[in-house]
file target11.txt (compact mmCIF, C-alpha atoms)
# COMPACT_ATOMS: atom_id res chain seq x y z
CA MET H 1 -73.26 23.17 48.78
CA TRP H 2 -75.61 20.20 48.39
CA PRO H 3 -78.41 20.51 45.79
CA VAL H 4 -81.80 20.98 47.42
CA ALA H 5 -83.16 17.73 46.00
CA LEU H 6 -80.24 15.63 47.20
CA ARG H 7 -79.33 17.19 50.55
CA PRO H 8 -80.39 14.09 52.49
CA ILE H 9 -77.41 12.35 50.86
CA ALA H 10 -75.02 14.61 52.76
CA ARG H 11 -76.03 13.19 56.10
CA THR H 12 -74.99 9.69 55.05
CA LEU H 13 -71.35 10.73 54.70
CA SER H 14 -71.00 11.18 58.47
CA PRO H 15 -68.46 8.86 60.22
CA ILE H 16 -71.21 7.80 62.63
CA PRO H 17 -71.94 4.05 62.12
CA ILE H 18 -74.97 3.38 59.96
CA THR H 19 -77.70 1.28 61.52
CA LYS H 20 -80.87 0.00 59.92
CA CYS H 21 -84.22 1.20 61.16
CA ARG H 22 -87.81 0.64 60.23
CA ARG H 23 -87.99 3.85 58.24
CA ARG H 24 -85.20 4.71 55.84
CA LYS H 25 -84.65 8.36 54.97
CA LEU H 26 -85.29 8.91 51.27
CA SER H 27 -83.96 11.72 49.14
CA ALA H 28 -86.32 14.58 48.38
CA LEU H 29 -87.02 13.25 44.91
CA ALA H 30 -88.00 9.76 46.10
CA GLN H 31 -89.74 10.25 49.42
CA GLN H 32 -93.39 9.48 50.12
CA PRO H 33 -95.93 12.23 50.93
CA ALA H 34 -95.43 13.82 54.32
CA SER H 35 -99.03 13.21 55.33
CA ARG H 36 -98.37 9.54 56.21
CA PRO H 37 -98.73 8.89 59.99
CA ARG H 38 -95.37 8.67 61.73
CA SER H 39 -96.27 5.37 63.42
CA GLU H 40 -96.82 3.65 60.09
CA PRO H 41 -93.68 2.11 58.55
CA LEU H 42 -92.66 3.52 55.17
CA PRO H 43 -93.00 0.84 52.46
CA LEU H 44 -90.34 0.68 49.79
CA GLN H 45 -92.77 -0.90 47.32
CA HIS H 46 -94.58 2.05 45.78
CA GLU H 47 -98.21 1.20 45.04
CA ARG H 48 -99.33 3.31 42.10
CA PRO H 49 -103.06 4.06 42.00
CA LYS H 50 -105.02 2.07 39.47
CA THR H 51 -106.16 4.17 36.55
CA ARG H 52 -108.82 3.73 33.91
CA GLN H 53 -108.08 1.76 30.81
CA LEU H 54 -106.03 3.99 28.50
CA PRO H 55 -105.54 3.64 24.74
CA ASP H 56 -102.52 1.60 23.66
CA PRO H 57 -100.03 4.20 22.31
CA TYR H 58 -98.53 1.69 19.89
CA LEU H 59 -101.87 0.71 18.36
CA LEU H 60 -102.75 4.36 17.65
CA VAL H 61 -99.83 4.76 15.27
CA ALA H 62 -99.10 1.13 14.39
CA SER H 63 -99.34 1.67 10.63
CA GLU H 64 -96.97 4.67 10.75
CA LEU H 65 -94.43 2.76 12.87
CA THR H 66 -94.50 -0.13 10.38
CA TYR H 67 -94.03 2.28 7.48
CA ILE H 68 -91.10 3.97 9.19
CA ARG H 69 -89.36 0.66 9.75
CA LYS H 70 -89.90 -0.65 6.22
CA ASN H 71 -89.12 2.63 4.43
CA MET H 72 -85.90 3.30 6.36
CA LEU H 73 -83.64 1.32 4.06
CA ASN H 74 -84.96 3.12 0.98
CA LEU H 75 -84.26 6.44 2.67
CA LEU H 76 -80.61 5.50 3.12
CA GLY H 77 -80.16 5.04 -0.62
CA SER H 78 -77.35 3.15 -2.29
CA ALA H 79 -74.49 2.28 0.02
CA HIS H 80 -71.82 -0.36 0.53
CA PRO H 81 -73.44 -3.78 1.12
CA GLY H 82 -71.81 -3.90 4.55
CA LEU H 83 -73.42 -0.63 5.61
CA ALA H 84 -76.77 -1.63 4.15
CA GLY H 85 -76.62 -4.97 5.96
CA MET H 86 -75.78 -3.28 9.23
CA ALA H 87 -78.66 -0.83 8.88
CA GLU H 88 -81.07 -3.63 7.98
CA TYR H 89 -80.02 -5.61 11.08
CA TYR H 90 -81.06 -2.73 13.36
CA PHE H 91 -84.00 -1.25 11.47
CA LEU H 92 -85.79 -4.55 10.93
CA HIS H 93 -84.91 -5.99 14.33
CA PRO H 94 -87.78 -5.77 16.83
CA SER H 95 -87.45 -2.72 19.07
CA LYS H 96 -89.56 -0.40 21.20
CA GLN H 97 -89.29 2.47 18.66
CA LEU H 98 -89.94 4.70 21.66
CA ARG H 99 -88.39 7.81 20.13
CA SER H 100 -90.36 7.51 16.91
CA LEU H 101 -93.47 6.80 18.95
CA LEU H 102 -93.11 10.08 20.87
CA VAL H 103 -92.74 12.08 17.66
CA LEU H 104 -95.88 10.55 16.17
CA LEU H 105 -97.98 10.85 19.33
CA PHE H 106 -97.15 14.49 19.96
CA SER H 107 -97.84 15.23 16.31
CA ARG H 108 -101.32 13.74 16.70
CA ALA H 109 -101.89 15.40 20.07
CA THR H 110 -101.10 18.94 18.86
CA ASN H 111 -101.76 19.17 15.11
CA GLY H 112 -104.22 22.00 14.58
CA LEU H 113 -103.24 23.94 17.71
CA GLY H 114 -100.24 25.87 16.38
CA ARG H 115 -100.80 29.33 14.97
CA HIS H 116 -99.19 28.30 11.69
CA TRP H 117 -101.02 24.98 11.35
CA GLU H 118 -103.06 26.12 8.35
CA ARG H 119 -99.92 27.05 6.44
CA LYS H 120 -98.20 23.77 7.34
CA HIS H 121 -101.27 21.81 6.29
CA TRP H 122 -101.58 23.74 3.02
CA ASP H 123 -97.88 23.20 2.26
CA ALA H 124 -98.28 19.45 2.79
CA ALA H 125 -101.37 19.33 0.56
CA TYR H 126 -99.61 21.33 -2.16
CA GLU H 127 -96.55 19.11 -2.06
CA SER H 128 -98.64 15.96 -2.36
CA THR H 129 -100.47 17.26 -5.46
CA SER H 130 -97.42 18.77 -7.13
CA SER H 131 -95.05 15.81 -6.57
CA GLN H 132 -92.90 17.94 -4.29
CA SER H 133 -93.36 15.35 -1.52
CA GLU H 134 -91.08 13.05 -3.52
CA VAL H 135 -88.19 15.13 -2.20
CA LEU H 136 -88.80 13.75 1.28
CA ASP H 137 -88.85 10.15 0.04
CA ARG H 138 -85.93 10.48 -2.34
CA PRO H 139 -83.01 8.23 -1.31
CA LEU H 140 -80.15 10.13 0.29
CA LYS H 141 -77.06 10.07 -1.92
CA LEU H 142 -75.09 13.26 -1.47
CA PRO H 143 -72.97 13.93 1.61
CA ASN H 144 -74.05 16.88 3.70
CA VAL H 145 -71.99 18.87 6.18
CA LEU H 146 -74.06 20.60 8.82
CA ASN H 147 -72.63 23.10 11.29
CA GLU H 148 -74.19 22.28 14.65
CA TRP H 149 -74.67 24.25 17.84
CA ASN H 150 -76.90 23.99 20.86
CA PRO H 151 -80.14 25.95 20.71
CA SER H 152 -80.64 28.94 22.98
CA MET H 153 -82.76 27.39 25.67
CA PRO H 154 -83.79 28.80 29.07
CA ASP H 155 -81.23 28.55 31.86
CA HIS H 156 -83.50 26.36 33.97
CA THR H 157 -83.10 23.50 31.48
CA GLU H 158 -79.45 23.16 32.52
CA SER H 159 -80.21 22.07 36.08
CA PHE H 160 -80.59 18.43 37.14
CA GLU H 161 -81.07 19.08 40.84
CA SER H 162 -84.75 18.14 40.60
CA VAL H 163 -87.37 16.85 38.23
CA PHE H 164 -87.76 19.20 35.27
CA ILE H 165 -90.63 21.64 35.76
CA LEU H 166 -92.41 23.13 32.77
CA GLN H 167 -92.37 26.91 32.69
CA GLN H 168 -94.87 28.95 30.74
CA PRO H 169 -93.33 30.89 27.82
CA ALA H 170 -93.36 34.66 28.09
CA GLN H 171 -96.43 36.14 26.50
CA PRO H 172 -95.82 38.69 23.74
CA PRO H 173 -97.25 42.19 24.22
CA SER H 174 -100.89 42.34 23.24
CA ILE H 175 -101.60 43.94 19.87
CA PRO H 176 -105.06 45.22 19.01
CA PRO H 177 -106.55 42.84 16.43
CA ARG H 178 -107.16 44.11 12.95
CA PRO H 179 -110.80 44.57 11.98
CA SER H 180 -112.01 41.39 10.39
CA ARG H 181 -115.33 39.94 9.38
CA ARG H 182 -114.14 36.45 10.26
CA PRO H 183 -114.67 35.48 13.91
CA VAL H 184 -111.60 34.54 15.93
CA VAL H 185 -111.70 30.77 16.40
CA PRO H 186 -109.71 29.32 19.31
CA PRO H 187 -107.15 26.69 18.29
CA GLN H 188 -108.44 23.15 18.27
CA LEU H 189 -107.22 19.75 17.21
CA VAL H 190 -107.70 18.88 13.59
CA THR H 191 -110.24 16.14 12.97
CA PRO H 192 -109.89 13.51 11.81
CA MET H 193 -106.40 13.09 13.23
CA LEU H 194 -103.64 13.32 10.63
CA LEU H 195 -99.87 13.41 10.46
CA LEU H 196 -97.85 15.62 8.13
CA PRO H 197 -95.23 13.97 5.89
CA THR H 198 -92.52 16.04 7.57
CA GLN H 199 -93.53 14.67 10.96
CA VAL H 200 -93.34 11.08 9.73
CA ARG H 201 -89.93 11.82 8.25
CA LEU H 202 -88.82 13.31 11.58
CA ALA H 203 -89.80 10.05 13.29
CA GLN H 204 -87.49 8.22 10.90
CA ILE H 205 -84.68 10.67 11.52
CA VAL H 206 -84.77 10.28 15.30
CA GLU H 207 -84.78 6.49 14.85
CA MET H 208 -81.71 6.75 12.62
CA ILE H 209 -79.91 8.83 15.24
CA HIS H 210 -80.86 6.34 17.94
CA VAL H 211 -79.58 3.38 15.90
CA ALA H 212 -76.35 5.29 15.21
CA SER H 213 -75.84 5.71 18.95
CA LEU H 214 -76.46 1.98 19.49
CA LEU H 215 -73.78 1.16 16.92
CA HIS H 216 -71.30 3.46 18.63
CA GLU H 217 -72.10 2.00 22.05
CA THR H 218 -71.22 -1.54 20.95
CA ILE H 219 -67.52 -0.71 20.75
CA SER H 220 -67.29 -0.40 24.55
CA ARG H 221 -69.13 -3.62 25.42
CA GLY H 222 -67.79 -7.05 26.11
CA PRO H 223 -67.27 -9.65 23.35
CA GLU H 224 -70.50 -11.45 24.24
CA GLU H 225 -72.51 -8.30 23.52
CA LYS H 226 -70.99 -7.54 20.13
CA ASN H 227 -73.33 -7.23 17.18
CA GLY H 228 -71.02 -9.26 14.96
CA PHE H 229 -69.78 -6.30 12.88
CA GLY H 230 -66.61 -5.37 14.79
CA ASN H 231 -65.51 -2.04 16.22
CA LYS H 232 -64.45 -0.32 13.02
CA LEU H 233 -67.62 -1.20 11.10
CA SER H 234 -69.75 -0.16 14.08
CA ILE H 235 -68.11 3.26 14.16
CA LEU H 236 -68.36 3.72 10.40
CA GLY H 237 -71.95 2.49 10.36
CA GLY H 238 -72.96 4.92 13.09
CA ASP H 239 -71.23 7.82 11.32
CA PHE H 240 -72.91 6.86 8.05
CA LEU H 241 -76.38 6.95 9.65
CA LEU H 242 -75.67 10.32 11.28
CA GLY H 243 -74.65 11.75 7.91
CA ARG H 244 -77.80 10.43 6.26
CA ALA H 245 -79.95 11.73 9.12
CA SER H 246 -78.41 15.18 8.73
CA THR H 247 -79.24 15.23 5.05
CA ALA H 248 -82.83 14.18 5.67
CA LEU H 249 -83.07 16.77 8.44
CA SER H 250 -82.12 19.59 6.08
CA ARG H 251 -85.05 18.66 3.80
CA LEU H 252 -87.66 19.35 6.48
CA GLY H 253 -87.42 23.08 5.79
CA GLU H 254 -87.62 24.23 9.41
CA SER H 255 -84.46 25.86 10.80
CA GLU H 256 -85.48 25.51 14.46
CA VAL H 257 -86.01 21.78 14.00
CA VAL H 258 -82.64 21.43 12.27
CA GLU H 259 -81.00 23.22 15.18
CA LEU H 260 -82.80 21.15 17.81
CA VAL H 261 -82.20 17.72 16.32
CA ALA H 262 -78.64 18.47 15.24
CA SER H 263 -77.83 19.48 18.82
CA VAL H 264 -78.88 15.99 19.93
CA ILE H 265 -75.86 14.56 18.13
CA SER H 266 -73.49 16.65 20.23
CA ASN H 267 -75.54 15.72 23.31
CA LEU H 268 -74.98 12.03 22.57
CA VAL H 269 -71.24 12.54 22.25
CA GLU H 270 -71.00 14.48 25.50
CA GLY H 271 -73.11 11.86 27.26
CA GLU H 272 -70.81 9.11 26.04
CA PHE H 273 -67.83 11.00 27.45
CA LEU H 274 -69.53 11.19 30.84
CA SER H 275 -70.13 7.42 30.72
CA MET H 276 -66.46 6.57 30.18
CA ASP H 277 -64.41 5.26 33.06
CA GLU H 278 -61.28 7.20 32.09
CA VAL H 279 -60.70 10.23 29.88
CA ARG H 280 -57.13 11.39 29.18
CA THR H 281 -56.13 14.62 27.44
CA PRO H 282 -52.65 15.79 26.42
CA GLU H 283 -52.89 18.92 28.57
CA GLN H 284 -54.82 17.73 31.63
CA GLY H 285 -53.85 14.07 31.70
CA LEU H 286 -56.35 11.77 33.40
CA ILE H 287 -59.59 13.62 34.20
CA GLN H 288 -60.79 12.59 37.65
CA GLY H 289 -64.21 11.18 38.45
CA PRO H 290 -66.79 12.85 40.71
CA THR H 291 -65.34 14.13 43.98
CA SER H 292 -68.54 13.84 46.02
CA LEU H 293 -71.87 12.09 46.01
CA THR H 294 -73.58 15.34 45.02
CA ALA H 295 -71.29 15.68 42.02
CA ALA H 296 -71.90 12.03 41.12
CA TRP H 297 -75.68 12.57 41.14
CA GLU H 298 -75.35 15.67 38.96
CA LEU H 299 -73.16 13.82 36.44
CA TYR H 300 -75.40 10.76 36.36
CA LEU H 301 -78.63 12.68 35.78
CA ARG H 302 -76.93 14.89 33.20
CA LYS H 303 -75.59 11.82 31.44
CA SER H 304 -79.08 10.27 31.45
CA TYR H 305 -80.46 13.38 29.80
CA LEU H 306 -77.70 13.68 27.21
CA LYS H 307 -77.67 10.03 26.15
CA THR H 308 -81.37 9.21 26.37
CA ALA H 309 -83.79 11.99 27.27
CA SER H 310 -82.36 14.63 24.92
CA LEU H 311 -83.45 12.79 21.77
CA MET H 312 -86.90 12.10 23.23
CA ALA H 313 -87.43 15.69 24.43
CA LYS H 314 -86.11 17.49 21.38
CA GLY H 315 -87.69 15.02 18.97
CA ALA H 316 -91.14 15.53 20.52
CA ARG H 317 -90.63 19.31 20.60
CA SER H 318 -89.58 19.30 16.95
CA ALA H 319 -92.71 17.39 15.94
CA VAL H 320 -94.90 20.08 17.47
CA ILE H 321 -92.89 22.81 15.69
CA LEU H 322 -93.40 21.04 12.36
CA GLY H 323 -97.11 21.22 13.12
CA GLY H 324 -97.00 25.02 13.20
CA SER H 325 -96.30 25.81 16.86
CA GLN H 326 -94.53 29.14 17.38
CA GLU H 327 -92.21 30.65 19.99
CA ASP H 328 -94.85 31.60 22.57
CA ASP H 329 -97.00 28.47 22.16
CA ILE H 330 -97.14 26.20 25.19
CA TRP H 331 -97.52 23.02 23.14
CA LYS H 332 -93.84 22.56 22.29
CA GLU H 333 -92.89 23.30 25.91
CA VAL H 334 -95.22 20.49 26.98
CA ALA H 335 -93.59 18.14 24.49
CA TYR H 336 -90.08 18.98 25.72
CA ALA H 337 -90.97 18.64 29.43
CA TYR H 338 -92.75 15.33 28.83
CA GLY H 339 -89.91 13.86 26.77
CA ARG H 340 -87.21 15.03 29.18
CA ASN H 341 -88.86 13.60 32.30
CA LEU H 342 -90.00 10.38 30.62
CA GLY H 343 -86.53 9.85 29.14
CA ILE H 344 -84.79 10.15 32.51
CA ALA H 345 -87.37 7.81 34.09
CA TYR H 346 -86.69 5.31 31.32
CA GLN H 347 -82.92 5.45 31.80
CA LEU H 348 -83.14 5.16 35.59
CA LEU H 349 -85.07 1.91 35.23
CA GLU H 350 -82.85 0.60 32.44
CA ASP H 351 -79.78 1.04 34.63
CA ALA H 352 -81.48 -0.48 37.68
CA ALA H 353 -82.55 -3.55 35.69
CA ASP H 354 -79.03 -4.01 34.32
CA LEU H 355 -77.28 -3.70 37.67
CA ARG H 356 -75.41 -7.01 37.51
CA ASN H 357 -73.90 -6.09 34.15
CA ILE H 358 -72.25 -2.91 35.38
CA SER H 359 -68.86 -1.95 34.00
CA PRO H 360 -66.27 0.67 34.95
CA GLY H 361 -67.64 4.18 34.49
CA LEU H 362 -70.13 6.55 36.02
CA ALA H 363 -72.19 5.21 38.95
CA THR H 364 -75.91 4.65 38.35
CA GLY H 365 -78.82 5.78 40.49
CA ALA H 366 -79.09 2.49 42.39
CA MET H 367 -75.40 2.68 43.36
CA LEU H 368 -75.72 6.28 44.47
CA PHE H 369 -78.76 5.54 46.62
CA ALA H 370 -76.95 2.50 48.05
CA CYS H 371 -74.01 4.76 48.94
CA GLU H 372 -76.29 6.68 51.31
CA GLU H 373 -76.58 3.47 53.33
CA ARG H 374 -73.09 2.11 52.62
CA PRO H 375 -70.64 5.07 52.54
CA ALA H 376 -67.80 2.64 51.78
CA LEU H 377 -69.04 2.80 48.17
CA LEU H 378 -67.96 6.42 47.82
CA PRO H 379 -64.23 5.78 47.10
CA LEU H 380 -65.23 3.34 44.36
CA ILE H 381 -67.62 5.90 42.88
CA ARG H 382 -64.92 8.58 42.94
CA ARG H 383 -62.57 6.44 40.84
CA ASN H 384 -65.36 5.23 38.50
CA PHE H 385 -64.87 1.59 39.58
CA THR H 386 -61.57 1.39 37.72
CA SER H 387 -59.46 -0.52 40.29
CA PRO H 388 -59.33 -4.34 40.15
CA GLY H 389 -62.18 -5.87 42.11
CA ASP H 390 -64.22 -2.64 42.30
CA ILE H 391 -67.19 -4.07 40.40
CA GLU H 392 -67.44 -7.18 42.57
CA LEU H 393 -67.04 -5.12 45.73
CA ALA H 394 -69.72 -2.66 44.61
CA LEU H 395 -72.21 -5.47 43.99
CA GLU H 396 -71.46 -6.85 47.44
CA TYR H 397 -72.05 -3.46 49.05
CA ILE H 398 -75.32 -2.92 47.19
CA GLN H 399 -76.77 -6.18 48.49
CA GLY H 400 -79.12 -5.53 51.38
CA THR H 401 -79.63 -1.83 50.58
CA SER H 402 -82.72 -0.15 49.18
CA GLY H 403 -80.83 1.29 46.19
CA VAL H 404 -82.87 -0.46 43.49
CA GLU H 405 -86.24 0.18 45.19
CA ARG H 406 -85.46 3.85 45.66
CA THR H 407 -84.40 4.14 42.04
CA HIS H 408 -87.84 2.86 41.05
CA LEU H 409 -89.44 5.50 43.28
CA LEU H 410 -87.34 8.22 41.67
CA ALA H 411 -88.24 6.98 38.18
CA GLU H 412 -91.91 7.08 39.12
CA THR H 413 -91.49 10.68 40.25
CA TYR H 414 -90.13 11.64 36.84
CA ALA H 415 -92.89 9.69 35.06
CA ASP H 416 -95.52 11.40 37.21
CA LYS H 417 -94.16 14.82 36.24
CA ALA H 418 -94.21 13.82 32.57
CA ARG H 419 -97.88 12.87 32.91
CA GLU H 420 -98.79 16.04 34.81
CA VAL H 421 -97.86 18.40 31.96
CA LEU H 422 -100.33 16.66 29.66
CA HIS H 423 -103.23 18.45 31.36
CA LEU H 424 -102.35 21.44 29.16
CA LEU H 425 -103.25 19.47 26.03
CA PRO H 426 -106.85 19.25 24.79
CA GLU H 427 -108.72 16.01 25.36
CA SER H 428 -108.04 13.30 22.81
CA ASP H 429 -107.31 9.59 22.63
CA THR H 430 -103.69 10.50 21.85
CA LYS H 431 -103.39 12.51 25.05
CA HIS H 432 -104.64 9.51 27.03
CA ALA H 433 -102.23 7.26 25.13
CA LEU H 434 -99.37 9.52 26.24
CA GLU H 435 -100.62 9.13 29.81
CA GLY H 436 -100.61 5.37 29.34
CA LEU H 437 -97.08 5.47 27.96
CA THR H 438 -95.79 6.75 31.31
CA GLU H 439 -97.32 3.66 32.93
CA ILE H 440 -95.75 1.39 30.33
CA VAL H 441 -92.30 2.89 30.93
CA VAL H 442 -92.57 2.57 34.72
CA SER H 443 -93.96 -0.97 34.68
CA ARG H 444 -91.68 -1.95 31.77
CA THR H 445 -94.55 -3.81 30.06
CA TRP H 446 -93.34 -3.49 26.50
call {"tool": "encode", "arguments": {"input": "target11.txt", "output": "structure tokens"}}
result
Amino acid sequence: MWPVALRPIARTLSPIPITKCRRRKLSALAQQPASRPRSEPLPLQHERPKTRQLPDPYLLVASELTYIRKNMLNLLGSAHPGLAGMAEYYFLHPSKQLRSLLVLLFSRATNGLGRHWERKHWDAAYESTSSQSEVLDRPLKLPNVLNEWNPSMPDHTESFESVFILQQPAQPPSIPPRPSRRPVVPPQLVTPMLLLPTQVRLAQIVEMIHVASLLHETISRGPEEKNGFGNKLSILGGDFLLGRASTALSRLGESEVVELVASVISNLVEGEFLSMDEVRTPEQGLIQGPTSLTAAWELYLRKSYLKTASLMAKGARSAVILGGSQEDDIWKEVAYAYGRNLGIAYQLLEDAADLRNISPGLATGAMLFACEERPALLPLIRRNFTSPGDIELALEYIQGTSGVERTHLLAETYADKAREVLHLLPESDTKHALEGLTEIVVSRTW
């Protein structure tokens, strides 16, 4: 049974010859509004409405991003010069720091709203005056073994048939308030804006995990893309950073955050497995690729979440939790939905921009859209482009299709949904900066 969002794909697998027409049929996730007159041709170039000037998200937290980058090496502590040199190469190399940015922005956009904000703020103030905050900045020296499991999340988070939709958390039963002389004050953002030390440390942790994944990814790239360290050092360097990140994570003192961020590590591993062209096991032998276009879409979107969006979504959610948000607060749900949709939009565009550098493995969105117009791509997709000449043939098939343009439309749909959930946040310059970040990701104006 075809997923609702991708059912139009099924019609392209018919043996009837495919002919071009003025109006291509788009999948449900990438089509234009139905209100357009039928006589007007459907443009593939999606004109996004011009919006007001929004705050630059990077300028809002520029000092914190600089601190995170410079303090990262101290956090790692003493290590072999080779490991330290590898970490310095990545940490001090210019990058988008998108994952750290999300942690810092959602911290600013929600601090003061959580029911336990006062306690979190008091704890931070106490630690700063009693030298307890030095624990967070102490270099990591001891190894730490952390049992990891996925958090118990709602079933609807497992589906990738459509753009992720935020669902309101269940409200607890109402309890008559205790008599109190103090008036009940609705939650509001703390002013002036501030970040807790634990939130800044979380931003460093997610950056460490991201760099570890980059190191691991280099072992599967061509010689021209190597970082100069070699496969073995890349693996060891990535493992070293994950160990250090786990130790720093345990110091945050919030079990739900530990569970969330630790689960990202297993997400990254599973996503890497989905990206591989061939996986062999002693019992099952060679595990086959997707058997249908529907299955290929499901695997691709799941891979995009596991390898990219998971760290963004769970990192942002964790930042809000560190600010005092509790189980039935909507703020951390907003952070997760925003990070998940923005992360998938980001990965869709990354893959579309890197189309000519494809390698054997899971098909990307542009290839899957192109397959709707060129069904001859399907056998190549099923075998993960592993036969000689598959890559060259796939690029030839993609030429002349709307695969790349439709991928951009799909990415914009995800970015739009990320922006929509922000209406639940109170007005602030940080909220508007998060809106602007969706535009930056879509337009790729870094």
call {"tool": "atom_distance", "arguments": {"input": "target11.txt", "atom1": "CA of Leu101 (chain H)", "atom2": "CA of Trp446 (chain H)"}}
result
12.8 Å
call {"tool": "closest_residue", "arguments": {"input": "target11.txt", "among": "H:Leu377, H:Ile344, H:Ile68, H:Val257", "to": "Lys417 (chain H)", "atoms": "all atoms listed in the file"}}
result
H:Ile344
call {"tool": "residues_around", "arguments": {"input": "target11.txt", "residues": "region 118-121 of chain H", "least_positions_apart": "2", "cutoff": "7 Å", "atoms": "only C-alpha atoms", "output": "PyMOL selection string"}}
result
chain H and resi 116+123-125+323-324
call {"tool": "residues_around", "arguments": {"input": "target11.txt", "residues": "Phe160 (chain H)", "least_positions_apart": "3", "cutoff": "9 Å", "atoms": "all atoms listed in the file", "output": "list in words"}}
result
Thr157, Val163, Phe164, Trp297, Glu298, Leu299, Leu301, Arg302 and Tyr305 of chain H
call {"tool": "atom_distance", "arguments": {"input": "target11.txt", "atom1": "CA of Ser266 (chain H)", "atom2": "CA of Val200 (chain H)"}}
result
23.1 Å
call {"tool": "residues_around", "arguments": {"input": "target11.txt", "residues": "Val269 (chain H)", "least_positions_apart": "2", "cutoff": "12 Å", "atoms": "only C-alpha atoms", "output": "PyMOL selection string"}}
result
chain H and resi 209+212-213+216-217+239+262-267+271-276+303+305-308+310
call {"tool": "closest_residue", "arguments": {"input": "target11.txt", "among": "H:Ala295, H:Leu242, H:Ala203, H:Leu342", "to": "Arg419 (chain H)", "atoms": "all atoms listed in the file"}}
result
H:Leu342
call {"tool": "closest_residue", "arguments": {"input": "target11.txt", "among": "H:Ala319, H:Leu76, H:Leu236, H:Leu268", "to": "Ala248 (chain H)", "atoms": "all atoms listed in the file"}}
result
H:Leu76
call {"tool": "decode", "arguments": {"input": "target11.txt", "residues": "region 383-417 of chain H", "atoms": "C-alpha atoms", "output": "tab-separated table (two decimals), in the first residue's frame"}}
result
chain	number	residue	atom	x	y	z
H	383	ARG	CA	20.28	-2.48	-6.29
H	384	ASN	CA	21.62	0.74	-4.70
H	385	PHE	CA	23.59	1.65	-7.84
H	386	THR	CA	26.09	-1.14	-7.20
H	387	SER	CA	26.50	-2.51	-10.75
H	388	PRO	CA	29.24	-1.10	-13.01
H	389	GLY	CA	28.03	1.95	-14.88
H	390	ASP	CA	24.98	2.51	-12.65
H	391	ILE	CA	26.11	5.96	-11.48
H	392	GLU	CA	26.76	7.24	-14.99
H	393	LEU	CA	23.48	5.80	-16.23
H	394	ALA	CA	21.57	7.36	-13.34
H	395	LEU	CA	23.01	10.81	-14.09
H	396	GLU	CA	22.01	10.39	-17.72
H	397	TYR	CA	18.46	9.45	-16.76
H	398	ILE	CA	18.12	12.38	-14.35
H	399	GLN	CA	19.00	14.90	-17.06
H	400	GLY	CA	15.89	16.55	-18.41
H	401	THR	CA	13.69	15.61	-15.43
H	402	SER	CA	12.34	17.88	-12.72
H	403	GLY	CA	13.93	15.82	-9.92
H	404	VAL	CA	16.13	18.60	-8.52
H	405	GLU	CA	13.42	21.29	-8.76
H	406	ARG	CA	10.88	19.08	-7.03
H	407	THR	CA	13.37	18.29	-4.29
H	408	HIS	CA	13.66	22.02	-3.63
H	409	LEU	CA	9.87	22.26	-3.41
H	410	LEU	CA	9.78	19.39	-0.93
H	411	ALA	CA	12.54	20.98	1.17
H	412	GLU	CA	10.58	24.23	1.24
H	413	THR	CA	7.54	22.32	2.50
H	414	TYR	CA	9.54	20.97	5.42
H	415	ALA	CA	11.03	24.40	6.13
H	416	ASP	CA	7.56	25.96	6.06
H	417	LYS	CA	6.32	23.43	8.63
